[in-house]
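Participant: Right, I'll just put the structure down here and ask away after.
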Amino acid sequence: MVPAAWDRLTDATQPNAGAKLPLSIVTLGEVQPDDLHGLTPYFERLEQLVLDVAPRDPFAKHRAELNRAIDAATADWILVVREREVVDEPLAKEIAEAATAAKARGFRIRSVAFYRGKPLSLESDGGEVRLFHRRYYMRYANKGEWSELTVQGTVVRLNEVLRSLTFESEQAHRDYLKERSVRQSRVRQVLQFLGYLISTGTTDRNTLRYLWIEAGFKS
């Protein structure tokens with residue numbers, strides 16, 4: 001009987017059973033330590049590399065800065081987190097399991113906006129590549145131009161999501177808009193709200209409240 005050489009090779013490239021990995025976290029904008037606290041029990045060491053860029057910009061806009069951060073990282077696995085995103089315990093656990101099993105070279109993670117402590121039911125895509133092994137990061141994909149962070153090999157999506165925190169209350173929401181926007185007439189607010197309603201098709205009351213307040217202001 002031939003020895004299971006492939007299995008032995010695979011085992012040799014994986015961490016020891018039960019061992020914790022280090023993790024490098026590239027953060028865009030101001031990400032607080034508490035926002036990453038959920039990761040602490042699952043990793044041997046956390047390293048944060050801060051990018052002083054607009055946190056909602058597409059990665060492709062800051063490719064050079066991202067490349068330098070990944071070069072400076074000391075861990076094999078890289079996680080990217082944007083300002084106001086929180087890694088809670090369920091996501092932290094799934095990230096640790098994904099990195100340890102290494103069944104893919106990159107993982108998409110969805111970022112879901114939370115309003116008044118509840119998720120908003122807005123249009124959501126398949127998420128961005130946020131967790132990946134640095135060895136397979138393709139900085140020169142498409143001659144260095146890519147619309148999103150690119151990884152060579154299999155990329156799958158995690159089940160858990162990043163919690164993207166917006167406003168804790170309706171009043172905080174209104175105060176923010178008053179400082180940065182112009183109040184619309186009630187007629188325009190109603191028309192704008194109906195447009196949002198048709199676009200999203202949501203019946204979630206929390207989301208409808210968010211959209212109603214948004215419709216009352218024009219940037």
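Following the order of the structure tokens, chains are lettered A, B, ..., residues in each are numbered from 1, and ligands are numbered from 1.
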With 10 Å as the cut-off and only C-alpha atoms counted, what is the closest atom pair between each nearby residue of range 39-92 of chain A and range 101-114 of chain A? Distances in Å to one decimal, ordered by chain and number, as a Markdown table.
Facilitator:
| residue | atom | partner | partner_atom | distance |
| --- | --- | --- | --- | --- |
| A:Trp77 | CA | A:Arg105 | CA | 9.3 |
| A:Ile78 | CA | A:Gly106 | CA | 9.5 |
| A:Leu79 | CA | A:Phe107 | CA | 9.5 |
| A:Val80 | CA | A:Ile109 | CA | 9.7 |
| A:Val81 | CA | A:Ser111 | CA | 9.6 |
| A:Arg82 | CA | A:Ser111 | CA | 9.3 |
| A:Arg84 | CA | A:Ala113 | CA | 9.5 |
| A:Glu85 | CA | A:Ser111 | CA | 7.6 |
| A:Val86 | CA | A:Ser111 | CA | 9.3 |
| A:Leu91 | CA | A:Ile109 | CA | 9.3 |
Participant: Kindly indicate which residue among A:Tyr140, A:Trp212, A:Tyr42, A:Tyr176 lies nearest to Pro90 in chain A, using only C-alpha atoms for the distances.
Facilitator: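 Smallest separation from Pro90 in chain A among the options: A:Tyr42.
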Participant: Quick check, in Å to one decimal: how far apart do CA of Asp204 in chain A and CA of Val161 in chain A lie?
Facilitator: 19.0 Å
Participant: Would you please extract all strand (DSSP E or B) residues from range 23-216 of chain A, as assigned by DSSP on the backbone, and give them as a ChimeraX atom specification?
Facilitator: /A:23-28,45-51,77-82,85-86,106-109,111-115,118-119,128-133,137,151,155-157,162-165,182-183
Participant: So, with only C-alpha atoms as the atoms that count, which of A:Ala75, A:Leu177, A:Leu191, A:Leu211 lies closest to Ser121 in chain A?
Facilitator: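 So, comparing all the options, the nearest one is A:Leu211.
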Participant: Which one of A:Asn159, A:Leu131, A:Leu49, A:Phe43 sits closest to Glu94 in chain A if you count only C-alpha atoms?
Facilitator: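 Selected residue with least distance to Glu94 in chain A: A:Asn159.
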Participant: As a list in words, please: the residues near Asp71 in chain A (cut-off 12 Å, only C-alpha atoms, same-chain neighbours under 4 positions excluded).
Facilitator: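 That gives Ser24, Val26, Leu49, Ala64, Glu65, Leu66, Asn67, Ala75, Asp76, Ile78, Arg134, Arg135, Tyr137 and Arg139 of chain A.
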Participant: In Å, with one decimal, what is the gap from CA of Arg174 in chain A to CA of Lys218 in chain A?
Facilitator: 12.2 Å
Participant: For the structure I just gave you, how does DSSP split chain A - specifically, which residues are helix (DSSP H, G or I)? Reply as a count of residues only.
Facilitator: 90
Participant: Considering only C-alpha atoms, return as a ChimeraX atom specification whatever protein or nucleic-acid residues lie within 10 Å of Pro33 in chain A, sequence-local ones (same chain, fewer than 3 positions apart) excluded.
Facilitator: /A:30,36-38,48,86
Participant: Write a file of the just-selected residues containing N, CA, C and O atoms, as an mmCIF file, in the first residue's frame.
Facilitator:
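Output saved as part.cif:
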data_model
loop_
_atom_site.group_PDB
_atom_site.id
_atom_site.type_symbol
_atom_site.label_atom_id
_atom_site.label_comp_id
_atom_site.auth_asym_id
_atom_site.auth_seq_id
_atom_site.Cartn_x
_atom_site.Cartn_y
_atom_site.Cartn_z
ATOM 1 N N GLU A 30 -9.591 55.279 11.082
ATOM 2 C CA GLU A 30 -9.425 55.118 12.525
ATOM 3 C C GLU A 30 -10.209 53.902 13.023
ATOM 4 O O GLU A 30 -11.413 53.974 13.257
ATOM 5 N N LEU A 36 -11.507 45.442 17.306
ATOM 6 C CA LEU A 36 -10.815 44.213 16.910
ATOM 7 C C LEU A 36 -10.686 43.234 18.067
ATOM 8 O O LEU A 36 -10.080 42.167 17.921
ATOM 9 N N HIS A 37 -11.254 43.598 19.207
ATOM 10 C CA HIS A 37 -11.047 42.826 20.433
ATOM 11 C C HIS A 37 -11.527 41.373 20.300
ATOM 12 O O HIS A 37 -10.967 40.471 20.930
ATOM 13 N N GLY A 38 -12.556 41.146 19.474
ATOM 14 C CA GLY A 38 -13.076 39.793 19.325
ATOM 15 C C GLY A 38 -12.057 38.810 18.791
ATOM 16 O O GLY A 38 -12.183 37.593 18.983
ATOM 17 N N GLN A 48 -1.403 45.484 14.011
ATOM 18 C CA GLN A 48 -2.225 46.436 13.268
ATOM 19 C C GLN A 48 -1.351 47.382 12.451
ATOM 20 O O GLN A 48 -0.422 47.993 12.970
ATOM 21 N N VAL A 86 -16.648 46.523 12.941
ATOM 22 C CA VAL A 86 -16.344 45.784 14.164
ATOM 23 C C VAL A 86 -16.272 44.292 13.864
ATOM 24 O O VAL A 86 -17.137 43.745 13.174
#
Participant: To one decimal place in Å, what is the distance between CA of Arg186 in chain A and CA of His173 in chain A?
Facilitator: 17.8 Å
